[in-house]
file run_3.pdb (PDB, C-alpha atoms and all ligand atoms)
ATOM      1  CA  MET A   1     -15.760  22.799  -6.701
ATOM      2  CA  TYR A   2     -13.130  20.070  -6.988
ATOM      3  CA  ALA A   3     -13.596  19.049  -3.350
ATOM      4  CA  ALA A   4     -17.333  18.679  -4.025
ATOM      5  CA  LYS A   5     -16.656  16.703  -7.149
ATOM      6  CA  ARG A   6     -14.148  14.471  -5.365
ATOM      7  CA  ALA A   7     -16.733  13.788  -2.671
ATOM      8  CA  GLY A   8     -18.997  12.274  -5.303
ATOM      9  CA  GLY A   9     -20.434  15.385  -6.947
ATOM     10  CA  ASN A  10     -23.929  16.789  -6.817
ATOM     11  CA  GLN A  11     -23.283  18.636  -3.535
ATOM     12  CA  LEU A  12     -22.195  21.979  -2.088
ATOM     13  CA  ASP A  13     -18.868  22.880  -0.530
ATOM     14  CA  THR A  14     -17.481  26.234   0.587
ATOM     15  CA  PHE A  15     -13.988  27.603   0.115
ATOM     16  CA  ASP A  16     -11.916  27.496   3.277
ATOM     17  CA  PRO A  17      -8.414  29.013   3.118
ATOM     18  CA  LYS A  18      -7.263  26.938   6.114
ATOM     19  CA  ARG A  19      -8.175  23.702   4.418
ATOM     20  CA  HIS A  20      -6.629  24.979   1.215
ATOM     21  CA  ARG A  21      -3.296  25.545   2.965
ATOM     22  CA  ALA A  22      -3.535  22.163   4.701
ATOM     23  CA  ALA A  23      -4.077  20.498   1.347
ATOM     24  CA  ASP A  24      -0.915  22.102   0.028
ATOM     25  CA  PRO A  25       1.596  22.134   2.879
ATOM     26  CA  THR A  26       4.636  22.414   0.612
ATOM     27  CA  GLY A  27       3.132  25.082  -1.657
ATOM     28  CA  LEU A  28       3.636  22.889  -4.727
ATOM     29  CA  LEU A  29       0.020  23.287  -5.771
ATOM     30  CA  SER A  30       0.034  27.095  -5.673
ATOM     31  CA  ASP A  31       3.346  27.099  -7.566
ATOM     32  CA  LEU A  32       1.778  24.796 -10.131
ATOM     33  CA  ARG A  33      -1.170  27.168 -10.568
ATOM     34  CA  ALA A  34       1.295  29.911 -11.542
ATOM     35  CA  ALA A  35       3.720  27.759 -13.541
ATOM     36  CA  LEU A  36       2.106  28.143 -16.962
ATOM     37  CA  ASP A  37       1.829  31.937 -16.692
ATOM     38  CA  ARG A  38       5.438  32.131 -15.559
ATOM     39  CA  GLY A  39       6.546  30.070 -18.555
ATOM     40  CA  GLU A  40       8.102  27.331 -16.432
ATOM     41  CA  MET A  41       6.745  24.410 -18.458
ATOM     42  CA  ARG A  42       8.767  22.848 -21.276
ATOM     43  CA  LEU A  43       8.349  19.893 -23.564
ATOM     44  CA  HIS A  44      11.201  17.503 -24.048
ATOM     45  CA  TYR A  45      11.129  14.937 -26.819
ATOM     46  CA  GLN A  46      12.238  11.312 -26.784
ATOM     47  CA  PRO A  47      12.878   9.567 -30.130
ATOM     48  CA  LYS A  48      10.898   6.522 -31.205
ATOM     49  CA  VAL A  49      13.072   4.375 -33.435
ATOM     50  CA  CYS A  50      11.970   2.092 -36.251
ATOM     51  CA  GLY A  51      12.677  -1.551 -35.295
ATOM     52  CA  ARG A  52      13.674  -2.474 -38.845
ATOM     53  CA  THR A  53      15.953   0.412 -39.827
ATOM     54  CA  GLY A  54      17.027   1.788 -36.449
ATOM     55  CA  ARG A  55      16.144   5.305 -37.599
ATOM     56  CA  VAL A  56      14.040   7.849 -35.785
ATOM     57  CA  ARG A  57      10.452   7.991 -36.961
ATOM     58  CA  GLY A  58       8.848  10.188 -34.414
ATOM     59  CA  LEU A  59       9.031  11.423 -30.866
ATOM     60  CA  GLU A  60       7.114  11.436 -27.637
ATOM     61  CA  ALA A  61       6.562  14.829 -26.007
ATOM     62  CA  LEU A  62       7.218  14.659 -22.264
ATOM     63  CA  LEU A  63       6.349  17.513 -19.943
ATOM     64  CA  ARG A  64       9.071  19.141 -17.846
ATOM     65  CA  TRP A  65       8.517  21.679 -15.090
ATOM     66  CA  GLN A  66      11.539  23.856 -14.476
ATOM     67  CA  HIS A  67      10.760  25.243 -11.023
ATOM     68  CA  PRO A  68      12.759  28.376 -10.032
ATOM     69  CA  THR A  69      13.855  26.961  -6.661
ATOM     70  CA  ARG A  70      12.965  23.264  -6.649
ATOM     71  CA  GLY A  71      14.724  22.573  -9.956
ATOM     72  CA  MET A  72      13.317  20.068 -12.406
ATOM     73  CA  VAL A  73      10.105  18.594 -10.989
ATOM     74  CA  PRO A  74       9.389  15.200 -12.631
ATOM     75  CA  PRO A  75       5.947  14.731 -14.216
ATOM     76  CA  MET A  76       4.945  11.967 -11.841
ATOM     77  CA  SER A  77       5.319  14.453  -8.940
ATOM     78  CA  PHE A  78       2.980  17.066 -10.338
ATOM     79  CA  ILE A  79       0.659  15.477 -12.903
ATOM     80  CA  PRO A  80      -1.433  13.592 -10.316
ATOM     81  CA  LEU A  81      -1.727  16.903  -8.386
ATOM     82  CA  ALA A  82      -2.684  18.758 -11.560
ATOM     83  CA  GLU A  83      -5.298  16.095 -12.307
ATOM     84  CA  ALA A  84      -6.793  16.234  -8.816
ATOM     85  CA  HIS A  85      -7.185  20.028  -8.972
ATOM     86  CA  GLY A  86      -8.345  20.517 -12.528
ATOM     87  CA  LEU A  87      -5.053  22.119 -13.594
ATOM     88  CA  ILE A  88      -4.322  19.330 -16.046
ATOM     89  CA  VAL A  89      -6.902  20.832 -18.411
ATOM     90  CA  PRO A  90      -5.055  24.133 -19.071
ATOM     91  CA  ILE A  91      -1.680  22.377 -18.801
ATOM     92  CA  GLY A  92      -2.839  19.671 -21.236
ATOM     93  CA  TYR A  93      -3.965  22.266 -23.777
ATOM     94  CA  TRP A  94      -0.674  24.069 -23.415
ATOM     95  CA  VAL A  95       1.103  20.739 -24.124
ATOM     96  CA  LEU A  96      -1.017  20.162 -27.235
ATOM     97  CA  ASP A  97      -0.472  23.698 -28.474
ATOM     98  CA  GLU A  98       3.268  23.564 -27.893
ATOM     99  CA  ALA A  99       3.595  20.112 -29.524
ATOM    100  CA  CYS A 100       1.647  21.299 -32.605
ATOM    101  CA  ARG A 101       3.785  24.444 -32.774
ATOM    102  CA  GLN A 102       6.921  22.284 -32.683
ATOM    103  CA  VAL A 103       5.594  19.906 -35.362
ATOM    104  CA  ALA A 104       4.921  22.963 -37.575
ATOM    105  CA  ALA A 105       8.414  24.357 -36.905
ATOM    106  CA  TRP A 106      10.013  21.012 -37.849
ATOM    107  CA  THR A 107       7.798  20.687 -40.913
ATOM    108  CA  ASP A 108       8.952  24.164 -41.997
ATOM    109  CA  ARG A 109      12.527  22.895 -41.762
ATOM    110  CA  GLY A 110      11.688  19.915 -43.962
ATOM    111  CA  ARG A 111      11.335  17.303 -41.253
ATOM    112  CA  ARG A 112       8.192  15.272 -40.962
ATOM    113  CA  LEU A 113       8.454  14.025 -37.421
ATOM    114  CA  HIS A 114       5.340  12.696 -35.800
ATOM    115  CA  VAL A 115       4.842  13.616 -32.175
ATOM    116  CA  ALA A 116       2.979  11.670 -29.504
ATOM    117  CA  VAL A 117       1.313  13.617 -26.698
ATOM    118  CA  ASN A 118       0.158  12.097 -23.399
ATOM    119  CA  ILE A 119      -3.507  12.752 -22.648
ATOM    120  CA  SER A 120      -4.941  12.536 -19.150
ATOM    121  CA  ALA A 121      -8.287  10.927 -18.264
ATOM    122  CA  VAL A 122      -9.535  14.330 -17.084
ATOM    123  CA  GLN A 123      -8.935  15.793 -20.555
ATOM    124  CA  VAL A 124     -10.767  12.928 -22.254
ATOM    125  CA  ARG A 125     -13.857  13.735 -20.175
ATOM    126  CA  GLN A 126     -13.950  17.373 -21.359
ATOM    127  CA  ARG A 127     -16.866  17.915 -23.715
ATOM    128  CA  ASP A 128     -14.894  20.188 -26.041
ATOM    129  CA  PHE A 129     -11.746  18.030 -26.105
ATOM    130  CA  ILE A 130     -12.047  17.139 -29.810
ATOM    131  CA  ASP A 131     -12.922  20.690 -30.882
ATOM    132  CA  ARG A 132      -9.916  22.044 -29.044
ATOM    133  CA  ILE A 133      -7.541  19.531 -30.645
ATOM    134  CA  ALA A 134      -8.993  20.444 -34.043
ATOM    135  CA  ALA A 135      -8.419  24.132 -33.227
ATOM    136  CA  LYS A 136      -4.755  23.497 -32.322
ATOM    137  CA  ILE A 137      -4.170  21.579 -35.567
ATOM    138  CA  GLN A 138      -5.763  24.379 -37.532
ATOM    139  CA  ARG A 139      -3.961  27.135 -35.657
ATOM    140  CA  HIS A 140      -0.538  25.658 -36.474
ATOM    141  CA  ALA A 141      -1.626  24.310 -39.869
ATOM    142  CA  ILE A 142      -0.060  20.891 -39.258
ATOM    143  CA  ASP A 143      -0.764  17.600 -40.976
ATOM    144  CA  PRO A 144      -3.056  15.847 -38.425
ATOM    145  CA  SER A 145      -1.420  12.494 -39.164
ATOM    146  CA  LEU A 146       1.740  13.834 -37.496
ATOM    147  CA  LEU A 147      -0.068  13.953 -34.150
ATOM    148  CA  ILE A 148      -0.551  10.869 -31.948
ATOM    149  CA  CYS A 149      -2.635  10.986 -28.775
ATOM    150  CA  GLU A 150      -1.475   8.546 -26.090
ATOM    151  CA  PHE A 151      -4.030   7.349 -23.555
ATOM    152  CA  THR A 152      -3.029   4.992 -20.782
ATOM    153  CA  GLU A 153      -4.772   1.667 -20.899
ATOM    154  CA  SER A 154      -6.461   2.444 -17.571
ATOM    155  CA  VAL A 155      -7.879   5.723 -18.962
ATOM    156  CA  ALA A 156      -9.399   3.763 -21.799
ATOM    157  CA  MET A 157     -10.953   1.243 -19.423
ATOM    158  CA  ASP A 158     -12.243   3.993 -17.136
ATOM    159  CA  ASP A 159     -14.957   4.927 -19.622
ATOM    160  CA  VAL A 160     -14.852   2.685 -22.661
ATOM    161  CA  GLN A 161     -17.742   4.382 -24.449
ATOM    162  CA  ARG A 162     -16.264   7.862 -24.156
ATOM    163  CA  THR A 163     -12.804   6.559 -25.137
ATOM    164  CA  GLN A 164     -14.233   4.909 -28.206
ATOM    165  CA  GLN A 165     -16.044   8.110 -29.170
ATOM    166  CA  VAL A 166     -12.840  10.142 -28.749
ATOM    167  CA  ILE A 167     -10.723   7.626 -30.703
ATOM    168  CA  ASP A 168     -13.277   7.518 -33.522
ATOM    169  CA  GLN A 169     -13.475  11.303 -33.744
ATOM    170  CA  LEU A 170      -9.697  11.667 -33.701
ATOM    171  CA  SER A 171      -9.364   8.986 -36.395
ATOM    172  CA  ALA A 172     -11.918  10.808 -38.538
ATOM    173  CA  MET A 173      -9.741  13.925 -38.241
ATOM    174  CA  GLY A 174      -6.650  11.935 -39.227
ATOM    175  CA  VAL A 175      -5.076  11.985 -35.740
ATOM    176  CA  ARG A 176      -3.659   8.655 -34.562
ATOM    177  CA  THR A 177      -4.111   7.129 -31.129
ATOM    178  CA  SER A 178      -2.040   4.898 -28.885
ATOM    179  CA  PHE A 179      -2.540   2.859 -25.677
ATOM    180  CA  ASP A 180       0.288   3.749 -23.334
ATOM    181  CA  ASP A 181       1.684   1.500 -20.569
ATOM    182  CA  PHE A 182      -0.022  -1.474 -22.177
ATOM    183  CA  GLY A 183      -0.174  -4.547 -19.968
ATOM    184  CA  THR A 184      -0.480  -2.660 -16.672
ATOM    185  CA  GLY A 185      -4.184  -1.790 -16.970
ATOM    186  CA  HIS A 186      -7.203  -4.015 -17.152
ATOM    187  CA  SER A 187      -8.304  -4.145 -20.747
ATOM    188  CA  SER A 188     -10.181  -7.194 -21.921
ATOM    189  CA  LEU A 189      -9.583  -8.715 -25.319
ATOM    190  CA  ALA A 190     -13.099  -7.719 -26.338
ATOM    191  CA  MET A 191     -12.435  -4.057 -25.528
ATOM    192  CA  LEU A 192      -9.102  -4.112 -27.260
ATOM    193  CA  ARG A 193     -10.826  -5.338 -30.390
ATOM    194  CA  GLN A 194     -13.603  -2.797 -30.065
ATOM    195  CA  LEU A 195     -11.373   0.245 -29.506
ATOM    196  CA  GLY A 196      -9.827   1.439 -32.741
ATOM    197  CA  ALA A 197      -6.481   2.724 -31.407
ATOM    198  CA  HIS A 198      -3.662   2.516 -33.935
ATOM    199  CA  GLU A 199      -0.866   1.531 -31.595
ATOM    200  CA  LEU A 200      -0.011  -0.307 -28.365
ATOM    201  CA  LYS A 201       2.944   0.709 -26.239
ATOM    202  CA  ILE A 202       4.221  -2.266 -24.263
ATOM    203  CA  ASP A 203       5.081  -1.115 -20.769
ATOM    204  CA  ARG A 204       8.674  -0.985 -19.550
ATOM    205  CA  LEU A 205       7.796  -3.631 -16.964
ATOM    206  CA  PHE A 206       7.705  -6.320 -19.668
ATOM    207  CA  VAL A 207      10.606  -4.913 -21.663
ATOM    208  CA  LYS A 208      12.886  -4.982 -18.596
ATOM    209  CA  ASP A 209      13.206  -8.788 -18.475
ATOM    210  CA  VAL A 210      12.658  -9.583 -22.126
ATOM    211  CA  ALA A 211      16.277 -10.555 -22.779
ATOM    212  CA  THR A 212      16.709 -12.672 -19.640
ATOM    213  CA  ASN A 213      13.361 -14.260 -18.853
ATOM    214  CA  THR A 214      11.531 -16.613 -21.193
ATOM    215  CA  GLN A 215       8.148 -15.799 -19.658
ATOM    216  CA  ALA A 216       8.607 -12.052 -20.171
ATOM    217  CA  ARG A 217       9.636 -12.788 -23.746
ATOM    218  CA  GLY A 218       6.546 -14.965 -24.217
ATOM    219  CA  VAL A 219       4.267 -12.182 -22.972
ATOM    220  CA  VAL A 220       5.799  -9.650 -25.360
ATOM    221  CA  GLN A 221       5.577 -12.131 -28.226
ATOM    222  CA  ALA A 222       1.883 -12.724 -27.500
ATOM    223  CA  VAL A 223       1.143  -8.978 -27.283
ATOM    224  CA  VAL A 224       2.930  -8.318 -30.587
ATOM    225  CA  GLN A 225       0.974 -11.087 -32.317
ATOM    226  CA  LEU A 226      -2.307  -9.925 -30.817
ATOM    227  CA  ALA A 227      -1.684  -6.310 -31.826
ATOM    228  CA  HIS A 228      -0.746  -7.287 -35.364
ATOM    229  CA  VAL A 229      -3.819  -9.492 -35.757
ATOM    230  CA  LEU A 230      -5.905  -6.473 -34.699
ATOM    231  CA  GLY A 231      -4.061  -4.253 -37.193
ATOM    232  CA  LYS A 232      -2.264  -2.207 -34.538
ATOM    233  CA  ARG A 233       1.381  -1.235 -34.418
ATOM    234  CA  VAL A 234       3.541  -2.074 -31.411
ATOM    235  CA  VAL A 235       5.987   0.215 -29.638
ATOM    236  CA  ALA A 236       8.231  -1.117 -26.863
ATOM    237  CA  GLU A 237       8.989   1.436 -24.131
ATOM    238  CA  GLY A 238      11.975   1.641 -21.798
ATOM    239  CA  VAL A 239      14.530  -0.145 -23.996
ATOM    240  CA  GLU A 240      17.858   0.210 -22.188
ATOM    241  CA  THR A 241      20.186  -2.433 -23.658
ATOM    242  CA  ALA A 242      21.274  -3.822 -27.035
ATOM    243  CA  GLU A 243      20.117  -7.291 -25.897
ATOM    244  CA  GLN A 244      16.600  -6.001 -25.245
ATOM    245  CA  ARG A 245      16.591  -4.240 -28.608
ATOM    246  CA  ASP A 246      17.667  -7.395 -30.457
ATOM    247  CA  VAL A 247      14.982  -9.541 -28.821
ATOM    248  CA  LEU A 248      12.251  -6.914 -29.365
ATOM    249  CA  VAL A 249      13.164  -6.500 -33.032
ATOM    250  CA  ALA A 250      13.186 -10.300 -33.489
ATOM    251  CA  LEU A 251       9.734 -10.471 -31.869
ATOM    252  CA  GLY A 252       8.431  -7.969 -34.425
ATOM    253  CA  CYS A 253       8.046  -4.724 -32.454
ATOM    254  CA  ASP A 254       7.492  -1.939 -34.971
ATOM    255  CA  GLU A 255       9.085   0.839 -32.955
ATOM    256  CA  LEU A 256      11.365   1.067 -29.943
ATOM    257  CA  GLN A 257      11.834   3.840 -27.418
ATOM    258  CA  GLY A 258      14.218   4.064 -24.495
ATOM    259  CA  PHE A 259      17.432   5.348 -22.974
ATOM    260  CA  PHE A 260      19.426   2.912 -25.162
ATOM    261  CA  PHE A 261      18.613   5.104 -28.154
ATOM    262  CA  ALA A 262      18.175   8.508 -26.563
ATOM    263  CA  ARG A 263      16.810  10.238 -23.492
ATOM    264  CA  PRO A 264      14.084  12.842 -23.653
ATOM    265  CA  MET A 265      15.742  16.104 -24.668
ATOM    266  CA  ALA A 266      15.103  19.730 -25.520
ATOM    267  CA  PRO A 267      13.963  20.163 -29.144
ATOM    268  CA  GLU A 268      16.916  22.376 -30.173
ATOM    269  CA  LYS A 269      19.318  19.609 -29.236
ATOM    270  CA  LEU A 270      17.453  16.996 -31.173
ATOM    271  CA  ILE A 271      17.496  18.675 -34.541
ATOM    272  CA  ASP A 272      21.094  19.907 -34.303
ATOM    273  CA  ASP A 273      22.256  16.414 -33.482
ATOM    274  CA  GLU A 274      20.102  14.853 -36.172
ATOM    275  CA  ALA A 275      21.679  17.115 -38.776
ATOM    276  CA  THR A 276      25.213  16.001 -37.965
ATOM    277  CA  ALA A 277      24.836  12.358 -36.904
ATOM    278  CA  PRO A 278      25.422   9.759 -39.677
ATOM    279  CA  VAL A 279      22.978   7.417 -37.937
ATOM    280  CA  PRO A 280      20.216   9.612 -36.596
ATOM    281  CA  PHE A 281      20.091   9.838 -32.814
ATOM    282  CA  SER A 282      23.082   7.693 -32.034
ATOM    283  CA  PRO A 283      22.773   7.006 -28.266
ATOM    284  CA  SER A 284      26.144   8.448 -27.321
ATOM    285  CA  THR A 285      25.287  11.894 -28.637
ATOM    286  CA  PHE A 286      22.489  12.603 -26.207
ATOM    287  CA  VAL A 287      22.169  13.491 -22.581
ATOM    288  CA  GLU A 288      19.059  14.714 -20.826
ATOM    289  CA  ALA A 289      19.133  18.493 -20.522
TER     290      ALA A 289
HETATM  291  P1  LIG B   1       5.010   7.629 -20.286
HETATM  292  O1  LIG B   1       4.082   8.348 -21.190
HETATM  293  O2  LIG B   1       4.915   6.147 -20.238
HETATM  294  O3  LIG B   1       6.469   8.110 -20.706
HETATM  295  C1  LIG B   1       7.608   7.312 -20.661
HETATM  296  C2  LIG B   1       8.430   7.599 -19.422
HETATM  297  O4  LIG B   1       9.498   6.661 -19.351
HETATM  298  C3  LIG B   1       9.086   8.972 -19.429
HETATM  299  O5  LIG B   1       9.197   9.395 -18.084
HETATM  300  C4  LIG B   1      10.476   8.661 -19.978
HETATM  301  O6  LIG B   1      11.462   9.611 -19.628
HETATM  302  C5  LIG B   1      10.738   7.332 -19.320
HETATM  303  N1  LIG B   1      11.683   6.510 -20.072
HETATM  304  C6  LIG B   1      11.887   6.486 -21.403
HETATM  305  N2  LIG B   1      12.811   5.582 -21.744
HETATM  306  C7  LIG B   1      13.217   4.996 -20.586
HETATM  307  C8  LIG B   1      14.186   3.964 -20.280
HETATM  308  O7  LIG B   1      14.848   3.403 -21.143
HETATM  309  N3  LIG B   1      14.309   3.628 -18.960
HETATM  310  C9  LIG B   1      13.596   4.231 -17.977
HETATM  311  N4  LIG B   1      13.817   3.849 -16.711
HETATM  312  N5  LIG B   1      12.674   5.200 -18.230
HETATM  313  C10 LIG B   1      12.491   5.579 -19.531
HETATM  314  P2  LIG B   1       8.753  10.865 -17.631
HETATM  315  O8  LIG B   1       9.141  11.867 -18.664
HETATM  316  O9  LIG B   1       9.236  11.055 -16.242
HETATM  317  O10 LIG B   1       7.176  10.783 -17.646
HETATM  318  C11 LIG B   1       6.486   9.935 -16.769
HETATM  319  C12 LIG B   1       5.023   9.890 -17.090
HETATM  320  O11 LIG B   1       4.410  11.172 -16.888
HETATM  321  C13 LIG B   1       4.714   9.558 -18.564
HETATM  322  O12 LIG B   1       4.838   8.165 -18.770
HETATM  323  C14 LIG B   1       3.289  10.066 -18.673
HETATM  324  O13 LIG B   1       2.386   9.134 -18.137
HETATM  325  C15 LIG B   1       3.326  11.278 -17.758
HETATM  326  N6  LIG B   1       3.464  12.487 -18.603
HETATM  327  C16 LIG B   1       4.572  13.048 -19.144
HETATM  328  N7  LIG B   1       4.258  14.155 -19.868
HETATM  329  C17 LIG B   1       2.909  14.289 -19.807
HETATM  330  C18 LIG B   1       1.961  15.227 -20.352
HETATM  331  O14 LIG B   1       2.294  16.154 -21.100
HETATM  332  N8  LIG B   1       0.638  15.042 -20.033
HETATM  333  C19 LIG B   1       0.222  14.003 -19.242
HETATM  334  N9  LIG B   1      -1.101  13.888 -18.971
HETATM  335  N10 LIG B   1       1.076  13.088 -18.724
HETATM  336  C20 LIG B   1       2.402  13.228 -19.011
HETATM  337 MG    MG B   2       3.408   8.107 -23.018
HETATM  338 MG    MG B   3       4.332   4.568 -21.011
END
call {"tool": "encode", "arguments": {"input": "run_3.pdb", "output": "structure tokens"}}
result
Amino acid sequence: MYAAKRAGGNQLDTFDPKRHRAADPTGLLSDLRAALDRGEMRLHYQPKVCGRTGRVRGLEALLRWQHPTRGMVPPMSFIPLAEAHGLIVPIGYWVLDEACRQVAAWTDRGRRLHVAVNISAVQVRQRDFIDRIAAKIQRHAIDPSLLICEFTESVAMDDVQRTQQVIDQLSAMGVRTSFDDFGTGHSSLAMLRQLGAHELKIDRLFVKDVATNTQARGVVQAVVQLAHVLGKRVVAEGVETAEQRDVLVALGCDELQGFFFARPMAPEKLIDDEATAPVPFSPSTFVEA
């Protein structure tokens, strides 16, 4: 079915085990098909820090695949594969379910942490996407405003009408939305105005040189001003140094995220450290599990 769809759709194809094996010479795909059932997927969480106070406001959920023999497989090595073979749909719903479960568990412990979940283009195209998010929120009885759906800018541009519909329906439910990797896609100013996302995440590419290059700084400054004029919040991704942090705060970024503050980590680690640290999520207290 996916081969037929990839070839443009509206045509027949037949299953051929030889071709199947050829398409998966390393066996990664068949391992991926079994990974959810075997409980090999985990979510790690990376803090998003308030620019003004330096305190953690929320977290981004990042998928981790703990493979029994290959070790930790990074998302960029398996998400494109999962997208190409339709596996991102069940995996994506598992991510949403697990993130909502975690939000509920933290809420029960008196911590209102909002969690951002990455959503793939394939998920956005699913007809029942909104209903299934609503079902997850209901199942775990969480406050919908604690959930943020991150779409990459290129996903949004892929099908602007559908993206707008999804953003509007999520907003009506109280779920917030964010444009990830902003600046690397192809959004026009008109579309940015039209699409009601709550937040822009400035890509690491621009953050990297912000402390050393006046042009990079100018681009970030312009994006922050643009976002604020449009009533959107700005998150800077990939902050690695104190110099970058200082510049980004001075430019008015609302939230910052990056290794300078903390790496993505297992949820148990996060809360234990938060309970003991005088300044929440001090960078020295965290290492990636
Ligand atoms: P993203 O959503 O832009 O996530 C940020 C990535 O940057 C994460 O990589 C994070 O570990 C990394 N990062 C954070 N701070 C820093 C820093 O200071 N320096 C550097 N060099 N990197 C930093 P990760 O976890 O490998 O994820 C890569 C991408 O995989 C994500 O980019 C996202 O597009 C995708 N992804 C992750 N989890 C999911 C998921 O559950 N569903 C979907 N559809 N995609 C996901
Ligand atoms: Mg993201
Ligand atoms: Mg990003």
call {"tool": "closest_atom_pairs", "arguments": {"input": "run_3.pdb", "of": "chain A", "to": "ligand LIG 1 (chain B)", "cutoff": "7 Å", "atoms": "all atoms listed in the file", "output": "tab-separated table"}}
result
residue	atom	partner	partner_atom	distance
A:Ala61	CA	B:LIG1	N7	6.6
A:Leu62	CA	B:LIG1	N7	3.8
A:Leu63	CA	B:LIG1	N7	4.0
A:Pro74	CA	B:LIG1	O9	5.5
A:Pro75	CA	B:LIG1	O11	4.7
A:Met76	CA	B:LIG1	O11	5.1
A:Ile79	CA	B:LIG1	N10	6.3
A:Ile88	CA	B:LIG1	N9	7.0
A:Gly92	CA	B:LIG1	N8	5.9
A:Val95	CA	B:LIG1	O14	5.6
A:Val117	CA	B:LIG1	O14	6.2
A:Asn118	CA	B:LIG1	N8	4.5
A:Ile119	CA	B:LIG1	N9	4.5
A:Ser120	CA	B:LIG1	N9	4.1
A:Asp180	CA	B:LIG1	O2	6.1
A:Asp181	CA	B:LIG1	O2	5.7
A:Glu237	CA	B:LIG1	N2	6.1
A:Gly238	CA	B:LIG1	O7	3.4
A:Val239	CA	B:LIG1	O7	4.6
A:Glu240	CA	B:LIG1	O7	4.5
A:Gln257	CA	B:LIG1	N2	6.0
A:Gly258	CA	B:LIG1	N2	3.4
A:Phe259	CA	B:LIG1	O7	3.7
A:Phe260	CA	B:LIG1	O7	6.1
A:Arg263	CA	B:LIG1	N2	6.4
A:Pro264	CA	B:LIG1	O6	5.8
call {"tool": "write_last_selection", "arguments": {"input": "run_3.pdb", "atoms": "C-alpha atoms", "output": "mmCIF file, keeping the file's coordinate frame"}}
result
data_model
loop_
_atom_site.group_PDB
_atom_site.id
_atom_site.type_symbol
_atom_site.label_atom_id
_atom_site.label_comp_id
_atom_site.auth_asym_id
_atom_site.auth_seq_id
_atom_site.Cartn_x
_atom_site.Cartn_y
_atom_site.Cartn_z
ATOM 1 C CA ALA A 61 6.562 14.829 -26.007
ATOM 2 C CA LEU A 62 7.218 14.659 -22.264
ATOM 3 C CA LEU A 63 6.349 17.513 -19.943
ATOM 4 C CA PRO A 74 9.389 15.200 -12.631
ATOM 5 C CA PRO A 75 5.947 14.731 -14.216
ATOM 6 C CA MET A 76 4.945 11.967 -11.841
ATOM 7 C CA ILE A 79 0.659 15.477 -12.903
ATOM 8 C CA ILE A 88 -4.322 19.330 -16.046
ATOM 9 C CA GLY A 92 -2.839 19.671 -21.236
ATOM 10 C CA VAL A 95 1.103 20.739 -24.124
ATOM 11 C CA VAL A 117 1.313 13.617 -26.698
ATOM 12 C CA ASN A 118 0.158 12.097 -23.399
ATOM 13 C CA ILE A 119 -3.507 12.752 -22.648
ATOM 14 C CA SER A 120 -4.941 12.536 -19.150
ATOM 15 C CA ASP A 180 0.288 3.749 -23.334
ATOM 16 C CA ASP A 181 1.684 1.500 -20.569
ATOM 17 C CA GLU A 237 8.989 1.436 -24.131
ATOM 18 C CA GLY A 238 11.975 1.641 -21.798
ATOM 19 C CA VAL A 239 14.530 -0.145 -23.996
ATOM 20 C CA GLU A 240 17.858 0.210 -22.188
ATOM 21 C CA GLN A 257 11.834 3.840 -27.418
ATOM 22 C CA GLY A 258 14.218 4.064 -24.495
ATOM 23 C CA PHE A 259 17.432 5.348 -22.974
ATOM 24 C CA PHE A 260 19.426 2.912 -25.162
ATOM 25 C CA ARG A 263 16.810 10.238 -23.492
ATOM 26 C CA PRO A 264 14.084 12.842 -23.653
#
call {"tool": "resolve_selection", "arguments": {"input": "run_3.pdb", "expression": "the PyMOL selection byres (((chain A and resi 91) around 10) and not hetatm)", "output": "ChimeraX atom specification"}}
result
/A:32-33,35-36,41,63,79,82-83,86-90,92-97,123
call {"tool": "closest_residue", "arguments": {"input": "run_3.pdb", "among": "A:Val73, A:Ala216, A:Leu12, A:Val115", "to": "A:Gln46", "atoms": "only C-alpha atoms"}}
result
A:Val115
call {"tool": "resolve_selection", "arguments": {"input": "run_3.pdb", "expression": "the PyMOL selection byres (((chain A and resi 197) around 6) and not hetatm)", "output": "list of chain:residue names"}}
result
A:Thr177, A:Ser178, A:Leu195, A:Gly196, A:His198, A:Glu199
call {"tool": "atom_distance", "arguments": {"input": "run_3.pdb", "atom1": "atom CA of A:Met173", "atom2": "atom CA of A:Gln161"}}
result
18.6 Å
call {"tool": "resolve_selection", "arguments": {"input": "run_3.pdb", "expression": "the PyMOL selection byres (((chain A and resi 100-112) around 8) and not hetatm)", "output": "PDB file with C-alpha atoms, in the frame of the given file"}}
result
ATOM      1  CA  LEU A  96      -1.017  20.162 -27.235  1.00  0.00           C
ATOM      2  CA  ASP A  97      -0.472  23.698 -28.474  1.00  0.00           C
ATOM      3  CA  GLU A  98       3.268  23.564 -27.893  1.00  0.00           C
ATOM      4  CA  ALA A  99       3.595  20.112 -29.524  1.00  0.00           C
ATOM      5  CA  LEU A 113       8.454  14.025 -37.421  1.00  0.00           C
ATOM      6  CA  HIS A 114       5.340  12.696 -35.800  1.00  0.00           C
ATOM      7  CA  VAL A 115       4.842  13.616 -32.175  1.00  0.00           C
ATOM      8  CA  LYS A 136      -4.755  23.497 -32.322  1.00  0.00           C
ATOM      9  CA  ILE A 137      -4.170  21.579 -35.567  1.00  0.00           C
ATOM     10  CA  HIS A 140      -0.538  25.658 -36.474  1.00  0.00           C
ATOM     11  CA  ALA A 141      -1.626  24.310 -39.869  1.00  0.00           C
ATOM     12  CA  ILE A 142      -0.060  20.891 -39.258  1.00  0.00           C
ATOM     13  CA  LEU A 146       1.740  13.834 -37.496  1.00  0.00           C
ATOM     14  CA  LEU A 147      -0.068  13.953 -34.150  1.00  0.00           C
TER      15      LEU A 147
END
call {"tool": "closest_residue", "arguments": {"input": "run_3.pdb", "among": "A:Glu60, A:Asp254, A:Glu150, A:Glu40", "to": "A:Met72", "atoms": "all atoms listed in the file"}}
result
A:Glu40
